[in-house]
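Colleague: Next comes the structure file upload-v3.txt, holding compact mmCIF, C-alpha atoms.
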# COMPACT_ATOMS: atom_id res chain seq x y z
CA MET A 1 -3.29 130.98 276.98
CA ARG A 2 -7.02 131.47 276.35
CA LYS A 3 -7.74 131.25 280.09
CA LEU A 4 -5.12 133.90 280.79
CA LEU A 5 -6.62 136.25 278.19
CA LEU A 6 -10.14 135.66 279.60
CA CYS A 7 -9.00 136.48 283.13
CA CYS A 8 -7.33 139.68 281.92
CA LEU A 9 -10.49 140.70 280.09
CA ILE A 10 -12.69 140.14 283.17
CA TRP A 11 -10.26 142.10 285.32
CA CYS A 12 -10.34 145.00 282.87
CA LEU A 13 -14.14 145.00 282.78
CA LEU A 14 -14.33 145.12 286.58
CA GLN A 15 -12.36 148.35 286.53
CA ILE A 16 -15.02 150.09 284.43
CA PRO A 17 -17.42 152.15 286.61
CA GLY A 18 -20.73 150.33 287.05
CA TRP A 19 -19.22 146.86 286.29
CA GLY A 20 -18.79 144.35 289.07
CA TYR A 21 -19.15 144.74 292.82
CA THR A 22 -16.80 147.67 293.44
CA GLN A 23 -16.38 149.73 296.62
CA ASP A 24 -18.87 152.25 295.23
CA ALA A 25 -21.46 149.49 294.95
CA ILE A 26 -20.83 148.44 298.53
CA THR A 27 -21.26 152.03 299.71
CA ASN A 28 -24.48 152.44 297.77
CA SER A 29 -25.89 149.25 299.23
CA ARG A 30 -25.33 150.62 302.75
CA ASN A 31 -27.32 153.75 301.97
CA ASN A 32 -30.52 152.04 303.05
CA ALA A 33 -33.90 153.42 304.16
CA ILE A 34 -32.76 153.97 307.75
CA VAL A 35 -29.70 155.98 306.68
CA GLN A 36 -31.82 158.08 304.36
CA ALA A 37 -34.44 158.66 307.06
CA VAL A 38 -31.77 159.82 309.51
CA GLN A 39 -30.25 162.17 306.95
CA LYS A 40 -33.69 163.63 306.32
CA VAL A 41 -34.53 164.32 309.97
CA ASN A 42 -31.11 165.13 311.49
CA PRO A 43 -31.11 168.87 310.59
CA SER A 44 -34.31 169.40 312.58
CA ILE A 45 -33.19 167.76 315.87
CA ILE A 46 -31.68 170.14 318.41
CA ASN A 47 -30.11 170.08 321.84
CA ILE A 48 -31.80 171.84 324.76
CA THR A 49 -29.86 173.05 327.79
CA THR A 50 -31.79 174.52 330.71
CA THR A 51 -30.72 176.48 333.75
CA ARG A 52 -32.76 176.73 336.92
CA ILE A 53 -31.93 178.24 340.28
CA GLU A 54 -32.09 175.91 343.26
CA VAL A 55 -32.29 177.49 346.72
CA ARG A 56 -31.01 175.51 349.70
CA ARG A 57 -32.39 177.01 352.88
CA PRO A 58 -30.39 176.65 356.13
CA THR A 59 -31.38 173.84 358.46
CA PHE A 60 -31.92 174.17 362.20
CA PHE A 61 -28.35 172.97 362.84
CA ASP A 62 -26.91 175.44 360.31
CA GLU A 63 -28.64 178.31 362.08
CA TYR A 64 -27.63 176.97 365.51
CA TRP A 65 -23.93 177.16 364.67
CA ASN A 66 -24.24 180.33 362.61
CA PRO A 67 -27.41 182.40 363.14
CA PHE A 68 -26.43 184.69 360.25
CA VAL A 69 -26.22 181.94 357.62
CA LEU A 70 -28.10 182.80 354.42
CA PRO A 71 -29.88 180.57 351.90
CA ARG A 72 -27.56 179.20 349.22
CA ARG A 73 -28.44 179.59 345.57
CA ARG A 74 -26.93 177.42 342.88
CA GLU A 75 -27.48 176.90 339.18
CA VAL A 76 -28.67 173.45 338.10
CA GLN A 77 -28.23 172.41 334.49
CA GLY A 78 -30.69 170.21 332.60
CA LEU A 79 -30.46 168.47 329.23
CA GLY A 80 -32.88 167.30 326.60
CA SER A 81 -33.72 167.30 322.93
CA GLY A 82 -36.24 169.04 320.69
CA ILE A 83 -37.78 168.90 317.22
CA ILE A 84 -38.03 171.88 314.88
CA ILE A 85 -41.60 171.67 313.60
CA ASP A 86 -41.78 174.98 311.75
CA THR A 87 -39.22 176.93 309.73
CA SER A 88 -40.25 180.07 311.63
CA GLY A 89 -38.60 178.72 314.79
CA TYR A 90 -41.17 176.64 316.70
CA ILE A 91 -39.67 173.72 318.64
CA LEU A 92 -41.51 170.78 320.18
CA THR A 93 -40.16 169.07 323.30
CA ASN A 94 -41.28 167.48 326.58
CA GLN A 95 -42.56 169.71 329.36
CA HIS A 96 -40.37 167.95 331.90
CA VAL A 97 -37.30 168.98 329.89
CA ILE A 98 -37.95 172.71 330.45
CA ALA A 99 -39.87 172.60 333.76
CA ASP A 100 -38.98 175.43 336.18
CA ALA A 101 -36.21 176.65 333.87
CA GLN A 102 -35.08 180.26 334.21
CA LYS A 103 -33.11 180.05 330.97
CA ILE A 104 -33.40 177.78 327.92
CA ASN A 105 -30.65 177.53 325.30
CA VAL A 106 -30.93 175.50 322.10
CA THR A 107 -28.03 174.28 319.96
CA PHE A 108 -28.60 173.47 316.29
CA PRO A 109 -26.76 170.78 314.31
CA ASP A 110 -24.73 173.54 312.60
CA SER A 111 -23.41 174.59 316.06
CA ARG A 112 -25.45 177.80 316.27
CA GLU A 113 -26.79 178.50 319.76
CA PHE A 114 -29.77 180.66 320.72
CA GLU A 115 -31.95 181.39 323.73
CA ALA A 116 -35.51 180.10 323.43
CA THR A 117 -38.74 181.35 324.97
CA ILE A 118 -41.70 179.25 326.08
CA VAL A 119 -44.79 179.72 323.92
CA GLY A 120 -46.81 177.31 326.02
CA GLU A 121 -46.47 174.16 328.08
CA ASP A 122 -48.80 171.45 329.34
CA TYR A 123 -47.84 169.43 332.39
CA LEU A 124 -50.42 166.66 331.97
CA ALA A 125 -49.60 165.96 328.31
CA ASP A 126 -45.87 166.50 329.07
CA LEU A 127 -45.37 168.64 325.98
CA ALA A 128 -44.02 172.16 325.51
CA LEU A 129 -43.71 174.55 322.59
CA LEU A 130 -40.63 176.78 322.36
CA LYS A 131 -39.74 179.59 319.96
CA VAL A 132 -36.45 180.94 318.67
CA GLU A 133 -36.12 184.00 316.47
CA VAL A 134 -34.04 182.41 313.72
CA ASP A 135 -34.56 182.25 309.97
CA GLY A 136 -33.69 179.51 307.50
CA LEU A 137 -34.37 176.53 309.74
CA SER A 138 -35.03 172.98 308.53
CA SER A 139 -38.28 171.55 309.91
CA ALA A 140 -39.16 167.89 310.39
CA GLN A 141 -41.92 166.22 308.41
CA LEU A 142 -44.66 165.05 310.77
CA GLY A 143 -46.19 161.67 309.98
CA ASP A 144 -49.41 159.92 311.01
CA SER A 145 -49.14 157.97 314.27
CA ASN A 146 -52.46 156.27 313.53
CA ASP A 147 -50.81 154.63 310.53
CA ILE A 148 -48.04 152.65 312.20
CA MET A 149 -47.54 148.89 312.29
CA ILE A 150 -46.22 146.64 315.02
CA GLY A 151 -42.79 145.44 313.93
CA GLU A 152 -41.93 148.26 311.52
CA TRP A 153 -38.65 150.13 311.91
CA ALA A 154 -38.48 152.81 314.61
CA ILE A 155 -35.59 155.26 314.77
CA ALA A 156 -34.98 157.30 317.95
CA ILE A 157 -33.07 160.52 317.27
CA GLY A 158 -31.98 162.95 319.97
CA ASN A 159 -29.21 165.36 320.86
CA PRO A 160 -28.71 165.36 324.62
CA PHE A 161 -24.97 166.06 324.95
CA ALA A 162 -24.14 168.55 322.20
CA SER A 163 -22.76 171.21 324.55
CA PHE A 164 -20.68 168.68 326.50
CA VAL A 165 -19.10 166.55 323.78
CA ARG A 166 -18.85 169.57 321.45
CA ASP A 167 -20.53 167.67 318.67
CA PRO A 168 -23.84 169.22 317.59
CA HIS A 169 -24.91 166.25 315.47
CA PRO A 170 -27.79 164.11 316.82
CA THR A 171 -27.38 160.53 317.98
CA VAL A 172 -29.36 157.63 316.53
CA THR A 173 -30.67 154.31 317.83
CA VAL A 174 -32.76 151.82 315.88
CA GLY A 175 -35.42 149.27 316.82
CA VAL A 176 -38.99 148.42 315.97
CA ILE A 177 -42.46 149.48 317.04
CA SER A 178 -43.12 147.06 319.91
CA ALA A 179 -46.69 148.08 320.76
CA THR A 180 -49.17 150.93 320.53
CA ASP A 181 -51.83 152.49 322.75
CA ARG A 182 -49.83 151.91 325.94
CA MET A 183 -50.74 153.64 329.22
CA LEU A 184 -48.19 154.81 331.76
CA ARG A 185 -48.55 156.69 335.04
CA HIS A 186 -45.61 158.63 336.43
CA GLU A 187 -46.16 160.63 339.61
CA ASP A 188 -49.35 162.59 338.81
CA ARG A 189 -48.96 162.47 335.02
CA PHE A 190 -51.07 160.07 333.02
CA TYR A 191 -49.71 159.12 329.60
CA HIS A 192 -52.37 157.76 327.25
CA GLY A 193 -51.96 155.98 323.91
CA LEU A 194 -48.16 155.79 323.99
CA ILE A 195 -46.03 154.14 321.32
CA GLN A 196 -43.69 151.49 322.75
CA THR A 197 -40.36 150.79 321.05
CA ASP A 198 -37.21 148.82 321.75
CA ALA A 199 -35.05 151.53 320.13
CA SER A 200 -32.79 152.66 322.96
CA ILE A 201 -34.12 155.86 324.55
CA ASN A 202 -31.93 157.36 327.25
CA PRO A 203 -32.93 160.14 329.68
CA GLY A 204 -31.23 162.94 327.71
CA ASN A 205 -33.15 161.95 324.58
CA SER A 206 -36.44 163.18 326.04
CA GLY A 207 -38.12 165.52 323.57
CA GLY A 208 -36.39 163.98 320.58
CA ALA A 209 -38.05 162.33 317.61
CA LEU A 210 -39.27 158.80 317.01
CA VAL A 211 -39.09 158.42 313.25
CA ASN A 212 -40.31 155.86 310.73
CA SER A 213 -38.31 154.53 307.76
CA ARG A 214 -39.70 157.34 305.57
CA GLY A 215 -38.07 159.98 307.75
CA GLN A 216 -41.39 161.13 309.23
CA VAL A 217 -41.76 161.97 312.92
CA ILE A 218 -44.35 159.63 314.44
CA GLY A 219 -43.70 160.32 318.13
CA VAL A 220 -41.93 162.39 320.78
CA ASN A 221 -39.50 160.28 322.83
CA THR A 222 -40.65 160.70 326.42
CA ALA A 223 -39.99 157.91 328.89
CA ILE A 224 -38.22 154.65 329.58
CA PHE A 225 -39.12 151.81 331.91
CA SER A 226 -35.98 150.67 333.66
CA THR A 227 -34.87 148.97 336.87
CA SER A 228 -31.28 150.10 336.40
CA GLY A 229 -31.69 153.67 335.14
CA GLY A 230 -30.55 152.75 331.64
CA SER A 231 -32.36 151.51 328.58
CA GLN A 232 -33.85 148.01 328.78
CA GLY A 233 -35.70 147.98 325.50
CA LEU A 234 -38.83 149.59 326.95
CA GLY A 235 -39.05 153.09 325.52
CA PHE A 236 -42.19 155.17 325.10
CA ALA A 237 -43.12 158.04 322.81
CA ILE A 238 -46.10 160.39 322.72
CA PRO A 239 -47.88 159.87 319.36
CA ILE A 240 -47.40 162.80 317.00
CA ASN A 241 -51.16 162.98 316.35
CA THR A 242 -51.67 163.68 320.07
CA ALA A 243 -48.84 166.22 319.97
CA ARG A 244 -50.51 167.96 317.01
CA LYS A 245 -53.64 168.64 319.08
CA VAL A 246 -51.59 169.92 322.00
CA LEU A 247 -49.50 172.16 319.74
CA SER A 248 -52.59 173.61 318.10
CA LYS A 249 -53.98 174.75 321.45
CA LEU A 250 -50.62 175.95 322.77
CA ARG A 251 -50.11 178.14 319.70
CA LYS A 252 -53.63 179.60 319.98
CA TYR A 253 -54.00 179.96 323.75
CA GLY A 254 -50.61 179.24 325.36
CA VAL A 255 -52.27 176.65 327.62
CA ILE A 256 -54.50 173.57 327.47
CA LEU A 257 -57.92 174.18 328.95
CA GLU A 258 -60.42 171.36 329.17
CA PRO A 259 -63.83 172.24 327.72
CA ALA A 260 -66.54 172.08 330.35
CA ILE A 261 -69.20 169.65 329.06
CA GLY A 262 -71.11 169.33 332.33
CA LEU A 263 -70.36 165.72 333.29
CA GLU A 264 -69.05 164.08 336.44
CA PHE A 265 -67.73 160.52 336.33
CA GLN A 266 -67.27 157.42 338.43
CA GLU A 267 -65.28 154.34 337.51
CA VAL A 268 -67.07 151.00 337.28
CA SER A 269 -66.36 148.53 340.06
CA ALA A 270 -67.60 144.94 340.30
CA ASN A 271 -70.19 145.96 342.93
CA ILE A 272 -71.48 148.86 340.81
CA ALA A 273 -71.67 146.69 337.70
CA GLN A 274 -73.69 144.10 339.61
CA TYR A 275 -75.94 146.67 341.30
CA LEU A 276 -76.77 148.40 337.98
CA ASN A 277 -76.95 145.08 336.13
CA LEU A 278 -74.53 146.35 333.50
CA GLY A 279 -73.25 142.98 332.37
CA THR A 280 -69.80 144.52 331.84
CA MET A 281 -67.11 146.46 333.70
CA GLN A 282 -65.93 148.25 330.59
CA GLY A 283 -66.48 151.99 330.60
CA VAL A 284 -67.01 154.91 332.98
CA ILE A 285 -70.33 155.82 334.63
CA VAL A 286 -71.83 159.30 334.36
CA SER A 287 -72.53 160.13 338.02
CA GLN A 288 -73.93 163.57 337.23
CA ALA A 289 -75.08 165.27 334.02
CA HIS A 290 -75.66 168.97 334.69
CA GLU A 291 -78.90 170.12 333.16
CA ASP A 292 -77.43 173.14 331.36
CA GLY A 293 -74.26 171.36 330.25
CA LEU A 294 -73.27 170.52 326.67
CA ALA A 295 -73.44 166.77 327.32
CA ALA A 296 -76.95 166.84 328.79
CA LYS A 297 -78.17 168.90 325.83
CA ALA A 298 -76.65 166.26 323.53
CA GLY A 299 -78.69 163.54 325.29
CA VAL A 300 -76.26 162.16 327.89
CA HIS A 301 -78.08 160.95 331.04
CA ARG A 302 -77.01 160.18 334.58
CA LEU A 303 -75.96 156.49 334.93
CA ASP A 304 -75.04 156.25 331.24
CA VAL A 305 -71.86 154.23 330.78
CA ILE A 306 -69.36 155.88 328.45
CA GLN A 307 -67.40 153.12 326.74
CA SER A 308 -65.62 155.07 324.03
CA VAL A 309 -64.62 158.64 323.18
CA ASP A 310 -63.93 159.46 319.53
CA GLY A 311 -63.68 155.76 318.77
CA LYS A 312 -61.15 155.03 321.53
CA SER A 313 -62.12 152.59 324.27
CA VAL A 314 -62.08 154.08 327.79
CA ASN A 315 -62.11 152.41 331.20
CA THR A 316 -60.89 155.13 333.56
CA ILE A 317 -61.62 158.78 334.26
CA ASP A 318 -58.00 159.60 333.34
CA GLU A 319 -58.54 158.14 329.87
CA ILE A 320 -61.68 160.22 329.28
CA VAL A 321 -60.00 163.42 330.49
CA ALA A 322 -56.87 162.76 328.39
CA ILE A 323 -59.02 162.74 325.24
CA LEU A 324 -61.63 165.39 326.11
CA ARG A 325 -59.16 168.04 327.26
CA LEU A 326 -57.60 168.27 323.80
CA SER A 327 -60.92 169.16 322.15
CA ASP A 328 -61.13 172.68 320.74
CA VAL A 329 -63.94 175.02 319.77
CA GLY A 330 -65.76 173.62 316.75
CA ASP A 331 -64.76 170.00 317.43
CA THR A 332 -67.39 167.27 317.63
CA VAL A 333 -66.80 164.69 320.37
CA LYS A 334 -68.39 161.27 319.77
CA LEU A 335 -69.36 159.28 322.86
CA GLY A 336 -70.12 155.56 322.73
CA ILE A 337 -72.84 155.07 325.38
CA LEU A 338 -74.29 151.98 327.04
CA ARG A 339 -77.82 152.64 328.37
CA ASP A 340 -80.33 150.02 329.49
CA GLY A 341 -78.25 147.32 327.83
CA LYS A 342 -78.29 149.10 324.46
CA ARG A 343 -75.38 150.86 322.78
CA ARG A 344 -75.79 154.21 321.08
CA MET A 345 -73.61 157.01 319.76
CA LEU A 346 -74.03 160.62 320.89
CA GLN A 347 -72.25 163.73 319.60
CA ILE A 348 -71.24 166.78 321.62
CA GLN A 349 -70.42 170.01 319.80
CA ILE A 350 -67.73 172.02 321.61
CA ASP A 351 -68.84 175.65 321.32
CA GLN A 352 -66.57 177.40 323.80
CA LEU A 353 -63.58 177.09 326.13
CA PRO A 354 -63.08 178.88 329.45
CA LYS A 355 -62.39 182.58 328.85
CA ILE A 356 -58.77 183.58 329.39
CA ASP A 357 -57.96 187.06 330.78
CA LYS A 358 -54.55 188.66 331.16
CA PHE A 359 -53.37 190.99 333.92
CA TRP A 360 -49.86 191.68 335.22
CA GLU A 361 -48.71 189.31 332.46
CA LEU A 362 -50.59 186.45 334.10
CA LYS A 363 -53.13 184.43 332.11
CA LEU A 364 -56.15 183.78 334.33
CA VAL A 365 -59.40 181.82 334.13
CA ASP A 366 -62.30 181.33 336.51
CA LEU A 367 -61.68 178.08 338.34
CA VAL A 368 -65.38 177.16 338.24
CA ALA A 369 -65.32 177.33 334.41
CA THR A 370 -62.62 174.66 334.17
CA GLY A 371 -62.52 170.96 334.87
CA TYR A 372 -60.08 171.44 337.75
CA ALA A 373 -62.37 172.78 340.49
CA SER A 374 -62.31 169.48 342.41
CA ASN A 375 -58.53 169.81 342.83
CA TYR A 376 -58.84 172.97 344.94
CA ARG A 377 -60.43 173.83 348.28
CA ARG A 378 -61.60 177.30 347.23
CA SER A 379 -62.84 179.24 344.24
CA GLY A 380 -60.84 182.04 342.65
CA ALA A 381 -58.72 183.12 339.70
CA LEU A 382 -56.66 180.23 338.36
CA VAL A 383 -53.23 181.11 336.91
CA VAL A 384 -52.77 179.03 333.77
CA GLN A 385 -49.66 180.75 332.43
CA VAL A 386 -46.98 183.13 333.72
CA LEU A 387 -45.60 185.18 330.84
CA PRO A 388 -41.86 185.99 330.78
CA ASP A 389 -42.34 189.70 331.58
CA SER A 390 -44.67 189.18 334.54
CA PRO A 391 -43.68 191.22 337.62
CA LEU A 392 -45.05 188.36 339.73
CA SER A 393 -42.16 185.96 339.25
CA ASP A 394 -43.06 184.06 342.44
CA ILE A 395 -46.39 182.96 340.94
CA ARG A 396 -46.49 179.54 339.29
CA PRO A 397 -48.87 178.07 336.72
CA TRP A 398 -51.91 176.43 338.40
CA ASP A 399 -51.67 178.65 341.49
CA LEU A 400 -55.17 179.69 342.61
CA ILE A 401 -55.36 183.32 343.72
CA TYR A 402 -58.20 183.59 346.23
CA GLY A 403 -57.53 186.90 347.95
CA PHE A 404 -55.55 190.10 348.50
CA SER A 405 -54.83 192.19 351.57
CA LYS A 406 -53.39 195.69 351.91
CA ARG A 407 -53.03 195.66 355.66
CA ARG A 408 -53.17 192.92 358.21
CA ARG A 409 -56.86 193.42 358.92
CA GLU A 410 -58.04 194.50 355.50
CA SER A 411 -58.63 191.61 353.12
CA TYR A 412 -60.33 191.33 349.75
CA PRO A 413 -61.67 187.94 348.62
CA VAL A 414 -61.18 186.80 345.02
CA ARG A 415 -63.83 184.37 343.80
CA SER A 416 -63.37 185.01 340.08
CA VAL A 417 -61.14 186.70 337.54
CA GLU A 418 -63.55 189.65 337.60
CA ASP A 419 -62.87 190.11 341.34
CA PHE A 420 -59.13 189.93 340.66
CA VAL A 421 -59.23 192.58 337.93
CA LYS A 422 -61.54 194.95 339.87
CA PHE A 423 -59.20 194.99 342.86
CA ALA A 424 -56.01 195.23 340.79
CA ARG A 425 -57.28 198.21 338.79
CA ARG A 426 -57.96 200.16 341.97
CA LEU A 427 -54.34 199.88 343.03
CA LYS A 428 -51.76 202.56 342.40
CA SER A 429 -48.12 202.10 341.46
CA GLY A 430 -46.11 201.67 344.63
CA ASP A 431 -48.97 200.21 346.72
CA ILE A 432 -47.89 197.29 348.87
CA ILE A 433 -50.16 194.24 349.06
CA THR A 434 -50.13 190.60 350.10
CA ILE A 435 -51.37 187.98 347.65
CA HIS A 436 -53.18 184.91 349.02
CA LEU A 437 -53.03 181.75 346.94
CA GLU A 438 -53.52 178.00 347.08
CA ARG A 439 -50.74 175.77 345.74
CA ASP A 440 -50.60 171.98 345.89
CA GLY A 441 -53.43 171.92 348.43
CA LYS A 442 -51.72 174.38 350.81
CA ASP A 443 -52.06 178.09 351.50
CA TYR A 444 -49.23 180.35 350.36
CA TYR A 445 -48.67 184.07 350.65
CA ILE A 446 -46.64 186.56 348.69
CA PRO A 447 -46.20 189.32 351.30
CA ASN A 448 -45.27 192.97 350.82
CA TRP A 449 -45.44 192.93 347.03
CA ARG A 450 -45.06 196.37 345.50
CA VAL A 451 -47.41 197.16 342.62
CA PRO A 452 -45.38 198.21 339.53
Can the structure from this file be put into structure tokens for me?

Modeller:
Amino acid sequence: MRKLLLCCLIWCLLQIPGWGYTQDAITNSRNNAIVQAVQKVNPSIINITTTRIEVRRPTFFDEYWNPFVLPRRREVQGLGSGIIIDTSGYILTNQHVIADAQKINVTFPDSREFEATIVGEDYLADLALLKVEVDGLSSAQLGDSNDIMIGEWAIAIGNPFASFVRDPHPTVTVGVISATDRMLRHEDRFYHGLIQTDASINPGNSGGALVNSRGQVIGVNTAIFSTSGGSQGLGFAIPINTARKVLSKLRKYGVILEPAIGLEFQEVSANIAQYLNLGTMQGVIVSQAHEDGLAAKAGVHRLDVIQSVDGKSVNTIDEIVAILRLSDVGDTVKLGILRDGKRRMLQIQIDQLPKIDKFWELKLVDLVATGYASNYRRSGALVVQVLPDSPLSDIRPWDLIYGFSKRRRESYPVRSVEDFVKFARRLKSGDIITIHLERDGKDYYIPNWRVP
């Protein structure tokens, strides 16, 4: 009888809230750090849908059978994700998500959809900044990608299929930080200092957030390494600290321009290391230090070996450029130098960036004032950004305008932005000109363009 009464008493106590291991207790135990981190970040992850026009020109055989065949135009849809980084409507994503897009739509977790404009984009860093005119947005908390540990939780959050599955809520995968400071080359992009994770990152998740267990964004999901096209546990994210520097310059200038410090480089080979008696192959050799350049004034000499930039070890020209190009006016760049077998630290004060001018809603800089002159065969006015209202819609970023002509035999060379502006201001509305430009190492022409 006593046992029966004791069992009844225990059963009654278990029914009292807070006593025993009830369903509520089970639910509370599942509300772990990962769940809380996801709930914190989810409202700031959006879907991006892009539309670009693809023109298929007729082939020789098409024209043979039908000489009147016209080029075919079709709309191509693209998908990706983005991170709201500011309640005023700024969105961070990958540049490859919005590349060549004529229209960009974003869908928020509450199902609202808006058209976004490009504030700025940077091909080399593979980052872009978008803007929507919407109030009351929830922004993500940005963390510190220098303060991450191998093996800690990593949460990949993206929203690649919102418009297709009609579910605006982001998707989540979980893993750990596998490695840091990874390098990856894809086509002519060089990714430096990447975070590697085994959290599943699929192609449509590009531009989404890599988040720590505190719900802080520590990276921008960017790439996967795969032999099958799907995730194989090798995902990569751009560190948020790198993204911060890119965003700062995109908001101020719309583009990333590398400060000209007056140095030319050469990578160290075994023969060079032996010839110069370096005793090491680590670093990059200064092949030329221009006398009036910032670096020479700071004490950098020809044949110095740069082994670190801002405390980060460098072994290739790409690594140096990836760090230097994000420096802004007022920044101090610290170079670790090896000279005559002795190591020393030199500091370069960045006092200016190439001057940006705007005409016909094109942002232009003198090619010779940038670090890109070696990529072109001529000098001229370099287009660094094409604004949405530009009448020159056929111009692309990084086109080099090197001349104009009004008639077949009358040409006007453009060696600088000043030349460009002088000629353009002499034109009248309705004048017809041809624009000469260099693109991807080839000459292009925009013929019979009517001045607005």

Colleague: Quick one: pull the distance between CA of Asp135 (chain A) and CA of Thr49 (chain A), Å, one decimal.

Modeller: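 Separation of CA of Asp135 (chain A) and CA of Thr49 (chain A): 20.6 Å.
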
Colleague: Produce a table with one row for each residue of region 343-452 of chain A that has an atom at most 12 Å from any atom of region 253-265 of chain A, each row naming the nearest atom pair and its distance in Å at one decimal; use all atoms listed in the file; arrange rows by chain and rising residue number; format as a tab-separated table.

Modeller:
residue	atom	partner	partner_atom	distance
A:Gln347	CA	A:Ile261	CA	11.6
A:Ile348	CA	A:Ile261	CA	8.2
A:Gln349	CA	A:Ile261	CA	9.3
A:Ile350	CA	A:Pro259	CA	7.3
A:Asp351	CA	A:Pro259	CA	8.8
A:Gln352	CA	A:Pro259	CA	7.0
A:Leu353	CA	A:Pro259	CA	5.1
A:Pro354	CA	A:Pro259	CA	6.9
A:Lys355	CA	A:Leu257	CA	9.5
A:Ile356	CA	A:Tyr253	CA	8.2
A:Asp357	CA	A:Tyr253	CA	10.7
A:Lys358	CA	A:Tyr253	CA	11.4
A:Leu362	CA	A:Gly254	CA	11.3
A:Lys363	CA	A:Gly254	CA	8.9
A:Leu364	CA	A:Val255	CA	10.5
A:Val365	CA	A:Leu257	CA	9.3
A:Asp366	CA	A:Leu257	CA	11.3
A:Leu367	CA	A:Leu257	CA	10.8
A:Val368	CA	A:Ala260	CA	9.5
A:Ala369	CA	A:Ala260	CA	6.7
A:Thr370	CA	A:Ala260	CA	6.1
A:Gly371	CA	A:Glu258	CA	6.1
A:Tyr372	CA	A:Glu258	CA	8.6
A:Ala373	CA	A:Ala260	CA	11.0
A:Ser374	CA	A:Glu264	CA	10.5
A:Leu382	CA	A:Leu257	CA	11.3
A:Val383	CA	A:Val255	CA	10.3
A:Val384	CA	A:Val255	CA	6.6
A:Gln385	CA	A:Val255	CA	6.8
A:Val386	CA	A:Gly254	CA	9.9
A:Leu387	CA	A:Gly254	CA	9.5
A:Pro397	CA	A:Val255	CA	9.8
A:Trp398	CA	A:Val255	CA	10.8

Colleague: Store the residues picked out above in a file with C-alpha atoms, as a PDB file, in the frame of the given file.

Modeller:
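What follows is the written file out-v4.pdb:
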ATOM      1  CA  GLN A 347     -72.250 163.730 319.600  1.00  0.00           C
ATOM      2  CA  ILE A 348     -71.240 166.780 321.620  1.00  0.00           C
ATOM      3  CA  GLN A 349     -70.420 170.010 319.800  1.00  0.00           C
ATOM      4  CA  ILE A 350     -67.730 172.020 321.610  1.00  0.00           C
ATOM      5  CA  ASP A 351     -68.840 175.650 321.320  1.00  0.00           C
ATOM      6  CA  GLN A 352     -66.570 177.400 323.800  1.00  0.00           C
ATOM      7  CA  LEU A 353     -63.580 177.090 326.130  1.00  0.00           C
ATOM      8  CA  PRO A 354     -63.080 178.880 329.450  1.00  0.00           C
ATOM      9  CA  LYS A 355     -62.390 182.580 328.850  1.00  0.00           C
ATOM     10  CA  ILE A 356     -58.770 183.580 329.390  1.00  0.00           C
ATOM     11  CA  ASP A 357     -57.960 187.060 330.780  1.00  0.00           C
ATOM     12  CA  LYS A 358     -54.550 188.660 331.160  1.00  0.00           C
ATOM     13  CA  LEU A 362     -50.590 186.450 334.100  1.00  0.00           C
ATOM     14  CA  LYS A 363     -53.130 184.430 332.110  1.00  0.00           C
ATOM     15  CA  LEU A 364     -56.150 183.780 334.330  1.00  0.00           C
ATOM     16  CA  VAL A 365     -59.400 181.820 334.130  1.00  0.00           C
ATOM     17  CA  ASP A 366     -62.300 181.330 336.510  1.00  0.00           C
ATOM     18  CA  LEU A 367     -61.680 178.080 338.340  1.00  0.00           C
ATOM     19  CA  VAL A 368     -65.380 177.160 338.240  1.00  0.00           C
ATOM     20  CA  ALA A 369     -65.320 177.330 334.410  1.00  0.00           C
ATOM     21  CA  THR A 370     -62.620 174.660 334.170  1.00  0.00           C
ATOM     22  CA  GLY A 371     -62.520 170.960 334.870  1.00  0.00           C
ATOM     23  CA  TYR A 372     -60.080 171.440 337.750  1.00  0.00           C
ATOM     24  CA  ALA A 373     -62.370 172.780 340.490  1.00  0.00           C
ATOM     25  CA  SER A 374     -62.310 169.480 342.410  1.00  0.00           C
ATOM     26  CA  LEU A 382     -56.660 180.230 338.360  1.00  0.00           C
ATOM     27  CA  VAL A 383     -53.230 181.110 336.910  1.00  0.00           C
ATOM     28  CA  VAL A 384     -52.770 179.030 333.770  1.00  0.00           C
ATOM     29  CA  GLN A 385     -49.660 180.750 332.430  1.00  0.00           C
ATOM     30  CA  VAL A 386     -46.980 183.130 333.720  1.00  0.00           C
ATOM     31  CA  LEU A 387     -45.600 185.180 330.840  1.00  0.00           C
ATOM     32  CA  PRO A 397     -48.870 178.070 336.720  1.00  0.00           C
ATOM     33  CA  TRP A 398     -51.910 176.430 338.400  1.00  0.00           C
TER      34      TRP A 398
END

Colleague: What lies within 12 Å of Thr222 (chain A) using all atoms listed in the file, ignoring chain neighbours under 3 positions off, as JSON, numbers by chain?

Modeller: {"A": [80, 81, 82, 92, 93, 94, 95, 96, 97, 125, 126, 127, 128, 156, 157, 158, 184, 186, 191, 194, 195, 196, 197, 200, 201, 202, 203, 204, 205, 206, 207, 208, 209, 210, 219, 225, 234, 235, 236, 237, 238, 239, 240, 243]}

Colleague: Which value, in Å to one decimal, gives the distance between CA of Asp318 (chain A) and CA of Arg182 (chain A)?

Modeller: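 Straight-line distance from CA of Asp318 (chain A) to CA of Arg182 (chain A) works out to 13.4 Å.
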
Colleague: One decimal, in Å: what's the spacing between CA of Gly311 (chain A) and CA of Lys334 (chain A)?

Modeller: 7.3 Å

Colleague: Can you work out which one of A:Ser44, A:Gln36, A:Thr242, A:Ser248 has the shortest atom-to-atom distance to His169 (chain A), counting all atoms listed in the file?

Modeller: A:Ser44
